Each structure stands twice: as structure tokens, then as C-alpha cells.
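**Q** Below: one structure in C-alpha cells.
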Amino acid sequence: MGYYIDVILPLPLHQLFTYKTDETEFNEAQIGARVAVPFGKSKVYTGIIVKKHQQAPLHYETKFIEGVIDDAPLVTKNQLQFWDWIADYYLCPMGDVMRAAIPSALVLESETVIELSTDVEISTDELSDTEYLIIEALQQQKHMKIAEVAKVIDRKNVFPIIKKLTGKNFIRTQQQLYKKYQPKLATYIRVPEKFNEKAYFNQQLETLERAPKQKEAFLHYFRLEGQTKKPITSKLLEEKADVSRGVIKSLIDKGFFEEFYIQQERVDFNHEKTRGVIDLSGAQYTAFEEIKASFKKYQVSLFHGVTSSGKTEIYMKLIEDYLNQNQQVLYLLPEIALTTQLIKRLQAYFGNQAYVFHSKYSLNERVEIYRKILSEKKACIVVGTRSSVFLPFTNLGLLIVDESHENNFKQQRPSPRYNAKDSAIVLAQQFKAKTLLGTATPSLESFYNVQQKKFGYIRLDQRYGGILPPEINLIDLKDKQKRKQVKGHFSDTLIKAIQKKLNAGKQIILFQNRRGYSPILECNTCGHSPQCPNCDVSLTYHKFNNTLRCHYCSYQIAMQTKCLACSSTDLSTKGFGTEQIETEINQIFSTAQVARMDLDTTRGKNAYEKIIGQFENLEIDILIGTQMVTKGLDFKNVALVGVLNADSLLNYPDFRSFERCFQLLVQVAGRAGRFEERGQVLIQTYNPYHQILQQVTTQDFKSMYKQQLYDRKIYKYPPFYRIVKFTLKSRYYNLVNEASDWYAKFLYQYFSTHVLGPEFPAISRLKNEYLKNIILKIPPKQSLANTKKYIQQGKEKMSAISKFRSVKVIVDVDPQ
């Protein structure tokens with residue numbers, strides 16, 4: 001009887017794999033620890049141990065593990081249980097969940113290395129020029145990586161040559177594990193111990209008589225050591241002794257100093273508390289008590305507080321209660337931009353108990369936060385975006401999902417396509433913790449759950465400090481254009497309002513939900529517009545670097561001076577994005593300080609922090625942005641919000657478009673007038689009498705909810721029916737048609753009229769792959785388990801048909 005372990009591998013495979021171990025390794029191995037295992041012909045991967053047993057698999061011969069990597073589990077049992085739920089509910093492989101959950105720097109992989117064979121004597125006459133270069137290089141160094149071989153022979157594809165040399169038995173290939181995570185080491189200097197002897201010290205000091213700068217620096221070290229009582233860096237000594245780096249280097253070379261290393265954390269976990277008590281207003285305190293009462297009755301509660309009602313202070317008071325009970329708190333946000341402003345406030349109150357976790361952190365920084373939460377197991381508050389649900393919590397007491405209506409909580413790609421809000425509720429249930437969904441504009445599904453008595457409900461309908469909600473007005477662009485009262489994309493009403501607020505020293509936010517300068521460049525002679533060769537979309541013009549760029553596959557070309565079809569120079573741009581608004585604003589208000597906040601300007605790690613900091617410090621007068629500027633940001637001096645074109649939000653082919661338009665416009669309106677005086681919101685539209693826009697002006701959530709819920713019930717959409725979306729992808733048009741027709745017929749046999757499609761989406765080709773969608777609606781009383789089993793059967797049967805094997809089937813449960 002042998003010893004076996006079952007392992008999850010970071011590959012898109014549904015099943016676990018069984019490996020053999022010896023008795024010692026079997027006893028050392030712990031559930032949740034990493035293990036290096038061979039997979040395939042020559043690769044080595046990091047797996048996570050999920051089970052230990054003594055039963056050999058029936059259908060394949062087991063391989064021995066390479067070795068156990070961790071002394072203690074890297075993944076907790078709660079995490080493994082949570083991964084299992086994610087894989088089962090979202091119909092994705094467990095390997096994909098592992099990839100998403102563990103910082104990739106902890107997932108070790110192997111690299112092929114080559115070495116000379118000792119069995120055969122190599123004759124140079126048998127070698128080609130390139131083979132000779134490889135053999136010569138290997139005679140000078142024992143091992144070479146594939147990348148090093150490519151450099152030596154100056155070729156990209158080196159595998160055919162390596163294959164030939166292996167076939168002649170001149171070289172051997174093997175796998176070498178490499179670690180992606182490297183601890184950060186800080187370099188310090190110290191005086192060697194032999195200088196403790198007085199005679200030696202004096203003797204050596206005399207040798208520096210002819211190098212006064214070096215002598216001064218050496219003696220200054222002792223003065224500095226007495227003052228700081230901390231390790232000394234060469235940089236600090238350079239500054240204090242007023243000498244160059246060359247002086248210190250000479251002292252190191254002569255043996256007066258030696259260098260040593262201390263491991264440092266990349267993330268600064270030491271933050272001082274700068275604020276004491278959290279003060280709540282009367283209305284806030286009432287809401288706080290109602291939340292606590294709701295938690296006694298419900299696992300999940302919806303906190304419906306208008307914009308600028310002070311929800312964050314209430315969250316902080318709740319967090320304080322849970323930290324005092326020595327429990328952990330997870331605070332989920334939809335955007336990295338929001339973490340920037342919020343973490344400063346949390347660190348001011350909770351000091352080094354507040355951590356941040358999101359994708360703008362480097363791989364190594366994410367590892368350090370992951371390990372900190374795993375090893376310390378103390379009360380802490382973690383602020384993060386959707387991937388934070390995978391952190392190794394051990395004593396979770398409270399989950400706060402702020403701006404819970406946001407569709408950014410849903411992962412779109414790659415797999416797993418999980419919804420962090422729904423996953424957070426399941427995670428909280430595992431720990432018997434409470435979940436609070438906070439928002440000014442609840443999603444229809446959340447509010448429906450309140451009405452069904454599944455969620456608790458707390459309403460806070462007055463702004464902090466008694467400030468009135470912003471005054472929202474619609475501007476009829478059709479009428480303004482008739483009267484010739486439009487300049488660029490700005491009506492005269494909006495221009496006058498901006499000027500008035502600038503004169504009063506106030507700030508303005510302008511919202512346009514499209515980045516770039518213009519989405520279409522068109523020839524006025526023949527009507528041709530440049531298209532992406534890989535996707536079925538036109539190229540967007542970006543003025544800042546004068547390029548035409550695809551926002552889906554990043555293909556780009558230089559801006560064209562003449563038409564690619566007819567060579568006419570009469571070209572014009574159609575439509576507008578944030579860049580064009582920025583150009584127009586700079587022309588109209590030449591003295592104002594203008595900044596733009598979109599994906600193009602926030603690519604750097606600290607880009608959000610920089611723009612938000614400048615706006616908070618009143619260095620920017622007008623901030624132009626996409627939906628990044630609409631969510632939860634708190635700016636005291638903003639008096640006016642302008643929406644350039646509300647119609648683009650309404651006219652979108654999605655059953656949620658009206659709900660999203662309402663949420664987005666109410667949220668962006670909430671950025672105005674958050675302090676002292678009432679704010680103003682101006683929304684430009686060609687359709688001012690649209691029902692949704694009228695509901696936005698009065699912030700009438702209940703009317704919007706009632707109307708949208710009625711439509712959803714008639715047309716069988718959430719919250720009444722669940723939805724699963726299938727996207728089939730192939731490089732071949734006819735193949736994707738055939739495969740989607742086959743899969744739709746298979747689903748129709750079981751689900752009949754609840755299957756919609758197959759249909760091509762609005763953009764039917766992306767990255768040289770044709771797409772076709774099928775939508776499945778699941779009635780409320782239909783068994784989810786049986787539905788998923790049938791879906792999986794369909795995928796397996798389709799992959800058994802040889803011509804359909806190359807077709808990718810992407811399953812998206814509860815698409816947003």
C-alpha cells in the first residue's frame with residue numbers, strides 16, 4: 001500500500017490529480033501546502049494538496065512528487081471550501097480558481113535547462129555552426145536556460161536545434177524550478193569585528209592618513225552609529241559625512257566596511273493612528289443602530305444611503321466594533337481609484353490594522369500582504385477590489401461591499417468569471433459573518449431580495465450636515481443646436497455654469513463615458529473609416545500620441561493624413577471621448593487647470609493617487625473623466641457636475657441599460673455639493689423627456705425599480721430567472737456557426753423555449769476570433785444542480801466531435 005496525495009494544478013482542468021510520495025514526505029505534507037509535481041512530458045508545476053490517502057488511482061499510473069515546498073499550509077481549509085463553491089457555481093475548472101486566488105509569484109513553474117551529456121565524445125566535425133556555438137557555451141558553463149541559448153545563437157526558435165542535439169545524445173534537457181517571489185533585501189554597512197582590537201584599529205587608521213576623505217567618512221560612521229542606534233546604509237553615511245559613493249566603495253574594498261543585508265517589506269504596514277473618536281450625527285447614529293439590529297435578524301443587510309449621507313463613517317464605526325472583538329473585516333470596493341482615498345481615512349483611524357490589496361500592487365507586494373494576513377491571524381481591516389475575497393482570512397466577522405450595485409464586481413476575463421459581491425455573501429456564510437451591501441442606488445436584485453425578506457434593509461435619506469441634494473437639470477441639445485447655442489460639445493448653459501463656478505473658486509467634474517479623442521475617423525469623400533484588422537471595430541483616434549488604436553486588442557497605427565481607400569485628404573472625426581472634451585475645455589477656459597482621469601492617464605501604480613491628490617489640494621479646477629469619477633469619491637469643493645451626453649448610456653443593447661443609466665447618473669450627481677452649499681448637475685441629452693432621465697432629476701428610485709421589475713418579469717430576466725451565457729469562439733467563421741448551432745440544439749432538447757440564440761454579438765470578431773452567443777434562462781423552480789450537469793455534458797459531447805475540438809466554449813453564469 002502506497003502513500004498518495006490529491007493535488008490542484010494551476011491549469012484549466014476540472015479534475016484533481018493523484019501523486020505518489022514516500023512515507024516521510026507523506027507525513028510532512030499538510031492540506032493546503034504547496035507541492036512541486038511533474039505534469040506532462042517535462043513540465044513541473046506547483047500544486048496545492050487537498051487530500052492525503054492510501055488509495056491508488058485506477059485509470060493511470062502515478063508519478064512521484066518532486067518535493068513539498070511549504071512547512072505550513074499556504075491555503076486554509078476555508079479557502080479550499082470557498083474555491084470549491086466558486087468552481088461549482090461558476091462552472092469553471094478548479095485550476096483557474098487557484099490561479100486567481102494565489103498571487104502568481106507563489107506559483108512556481110519549471111524552466112527547461114540543458115547540459116552536456118557525459119556519455120558521448122563530441123566530434124566538432126558533426127556539428128553545424130549553430131550547434132557548435134551551443135556546445136562551446138556549455139563547455140564554459142554547466143547549465144543553460146532556453147532564453148540563454150537563444151541569445152547565444154541569436155535566434156528566437158531554438159527547439160529544433162536542441163531536439164537535434166538531444167537526438168545525437170550530445171546534450172541532456174531537464175526541468176529546473178524557479179521562484180518568482182524574491183524577498184526585498186536592503187544593503188547596509190558595518191565595521192568588521194577585527195576592528196574591536198585597539199591596536200589593529202589604530203594601525204589601520206594610520207593607513208588612511210593619505211586619504212583624508214576616507215578617514216573622515218570612517219570616523220563619521222562611529223558618530224552616526226552612536227546617534228541612530230540603527231543599521232546604517234552607505235547612502236546615509238555619504239549624506240552625513242558629505243562624501244561621494246566612490247569614497248565609501250574604496251573603504252569597502254580596503255576592508256574597513258563590510259556589506260550585509262536585511263530583508264525588508266515592500267509594503268509599509270506601519271501607520272500611526274492620527275485620529276481618535278469617530279463622531280456620528282443623529283441620523284448616522286440611528287442608521288448605525290438599525291444596522292446592528294438588522295444583523296441580529298439577517299445574515300445580509302442592504303444599506304440604502306443617499307450620496308454624501310456619510311456611509312463611510314458608519315462603516316468605520318462598525319469596523320471599530322468588530323476589530324475590538326478581535327475579528328477581521330473585508331471592505332470591498334469596485335474600483336482601485338476608491339481605495340486610494342479611503343485607505344488614508346482608515347489608516348488615520350486604525351493605523352497599522354488597515355491593509356490594501358489590489359492589482360496595481362506588484363506581484364511581490366501582493367505576496368507580502370497575503371502572507372501577512374495568513375501568518376498574523378490578528379484583527380485587521382483589508383480594503384481591496386474583487387480579488388480580495390480570495391485572501392486567507394481565519395476569523396472573518398464582517399464584509400462590507402461598498403457601491404454594491406457596481407458591475408465591476410463581476411470578473412469578465414479570464415476565468416473564473418465570478419461576482420465578488422455574491423461570492424462575498426457565500427464567504428461570510430462560511431465564517432458565520434455578517435455582510436453589509438452599501439449603496440445610494442441599489443441593484444434591482446438586491447432590492448428584490450429585501451422585498452422577499454431575504455435581506456435586511458436600512459435607509460438613510462438625508463445628507464450629512466443637512467445639505468440639500470444637488471439640483472439636477474436636463475439640457476435639450478436638439479433645441480440648443482437649432483438655436484445655434486452650442487460650442488463644440490458644450491451648450492451655452494453648461495459653459496455659463498462652468499464660468500460662474502470657476503469665478504467663485506469652485507471645482508467642476510465633467511463626465512463622458514468614452515476615452516480617447518474620437519471613436520471614428522471617416523473620409524468625407526468615400527465614407528471609409530479605418531478598421532482594426534483583428535476585430536470588427538473601428539480604430540479610435542488618440543490625440544496625445546497621434547495614433548489610431550483598437551481598445552480590444554491594442555492594435556495601433558499612426559494617425560492617417562489621407563484616406564487608406566481613395567487617398568483623399570478630406571478626413572474628419574465622428575463622436576467624442578474624454579480627450580476631445582479636454583481639448584475643447586482648454587480652448588474655452590484657457591486659464592483653468594484641467595486634468596483627465598481615464599484608463600489612459602491612470603496606468604501607473606500611483607497615477608490614481610496623484611490625480612485625486614491634486615484635485616483634493618485644489619490644484620485642478622476641472623476634472624474630466626469616464627465612470628471612474630462617478631463612484632464614491634469625496635471632494636468638498638465640487639459645486640458643478642456636467643454630463644456631456646446621457647443618451648450613450650441609454651441606447652445600449654442590454655436589459656440592464658436603463659437601470660445602469662439611472663445608477664451612473666445619480667452617482668455622478670452625488671459628487672456635487674457635498675459640503676456647505678447645494679450642488680448643481682447639468683445633463684445634456686437629445687431626449688430630455690425620457691422616463692429614466694426624468695426619474696434621475698427627482699432621484700425617484702422606487703418608480704424606476706417598479707417599472708424595470710415589471711419589464712424583467714414579463715421578459716423573464718433576473719431577479720426572476722437566472723441567466724447563463726455561452727460564448728463560442730473560433731478563428732473560422734463557418735466552424736463557429738456549426739458549433740453554436742449544434743450546442744444550441746443540444747440545450748434546446750432539455751430547456752426548450754428558455755434557450756435564446758445562437759446570435760452574433762454587436763462586435764462579432766475579437767482578436768481574430770469569431771464569437772457567437774447563446775443565452776439560457778433558468779426558471780426559479782428548476783434544479784440548478786441538474787442544469788449544470790446537463791451543461792457540462794453538452795461541453796463534453798461537443799469536445800468529443802473532432803471538428804469542434806478547436807472551438808472554445810466560455811460559460812458565464814449570472815453575466816453582468
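Chain labels run A, B, ... following the order of the C-alpha cells; each chain numbers its residues from 1, and ligands are numbered from 1 in the order shown.
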Would you kindly return, as a list in words, each protein, DNA or RNA residue with an atom no farther than 12 Å from any atom of Gly255 of chain A, considering only C-alpha atoms and excluding same-chain residues fewer than 2 positions away?

**A**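 Answer for this query is Ile189, Arg190, Val191, Pro192, Glu193, Lys194, Phe195, Phe201, Gln204, Leu205, Thr207, Phe218, Ile248, Lys249, Ser250, Leu251, Ile252, Asp253, Phe257, Glu258 and Glu259 of chain A.
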
**Q** Could you tell me, as a PyMOL selection string, which residues of segment 75-254 of chain A DSSP assigns to alpha helix (DSSP H) when given the backbone?

**A** chain A and resi 77-89+94-101+129-140+146-153+159-167+198-206+212-228+234-241+245-253

**Q** Using only C-alpha atoms, which residues sit within 12 Å of His690 of chain A once same-chain residues fewer than 2 positions away are excluded, as a list of chain:residue names?

**A**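 Non-adjacent residues within range: A:Leu474, A:Asp476, A:Ala646, A:Asp647, A:Leu650, A:Asn651, A:Phe658, A:Cys661, A:Phe662, A:Thr685, A:Tyr686, A:Asn687, A:Pro688, A:Ile692, A:Leu693, A:Gln694, A:Gln695, A:Val696, A:Thr697, A:Met704.
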
**Q** Can you write out as CSV which residues of segment 325-414 of chain A fall within 12 Å of segment 614-638 of chain A, alongside each residue's closest atom pair and its distance in Å to one decimal, counting only C-alpha atoms and ordering rows by chain and ascending residue number?

**A**
residue,atom,partner,partner_atom,distance
A:Leu333,CA,A:Gly632,CA,9.4
A:Pro334,CA,A:Lys631,CA,8.5
A:Glu335,CA,A:Met628,CA,7.4
A:Ile336,CA,A:Met628,CA,9.2
A:Ala337,CA,A:Met628,CA,7.1
A:Leu338,CA,A:Leu633,CA,6.4
A:Thr339,CA,A:Leu633,CA,9.7
A:Thr340,CA,A:Leu633,CA,9.6
A:Gln341,CA,A:Leu633,CA,7.3
A:Leu342,CA,A:Leu633,CA,8.6
A:Arg345,CA,A:Asp634,CA,11.3
A:Asp402,CA,A:Gly632,CA,8.6
A:Glu403,CA,A:Gly632,CA,7.3
A:Ser404,CA,A:Lys631,CA,10.8
A:His405,CA,A:Lys631,CA,10.7
A:Glu406,CA,A:Lys631,CA,9.0
A:Asn407,CA,A:Gln627,CA,11.7
A:Asn408,CA,A:Met628,CA,10.8

**Q** What's the 6 Å shell around Lys772 of chain A, counting only C-alpha atoms, without same-chain residues fewer than 3 positions away, as a PyMOL selection string?

**A** chain A and resi 727-728+759-760

**Q** Using C-alpha atoms, can you export the residues from the last selection as a PDB file, in the first residue's frame?

**A**
ATOM      1  CA  THR A 727     -19.823  32.366 -25.918  1.00  0.00           C
ATOM      2  CA  LEU A 728     -18.349  30.127 -28.616  1.00  0.00           C
ATOM      3  CA  GLU A 759     -26.625  35.078 -32.285  1.00  0.00           C
ATOM      4  CA  PHE A 760     -23.574  37.122 -33.216  1.00  0.00           C
TER       5      PHE A 760
END

**Q** Would you mind reading off the distance between atom CA of Ser703 of chain A and atom CA of Arg459 of chain A, one decimal, in Å?

**A**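 Atom-to-atom, atom CA of Ser703 of chain A and atom CA of Arg459 of chain A are spaced 16.6 Å apart.
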
**Q** Using only C-alpha atoms, which protein or nucleic acid residues come within 12 Å of Val382 of chain A? Drop anything in the same chain fewer than 5 positions from it, and give the result as JSON, numbers by chain.

**A** {"A": [269, 319, 323, 327, 328, 329, 330, 331, 332, 333, 339, 342, 343, 346, 347, 350, 352, 353, 354, 355, 356, 357, 358, 369, 370, 372, 373, 387, 388, 389, 390, 391, 392, 393, 396, 398, 399, 400, 401]}
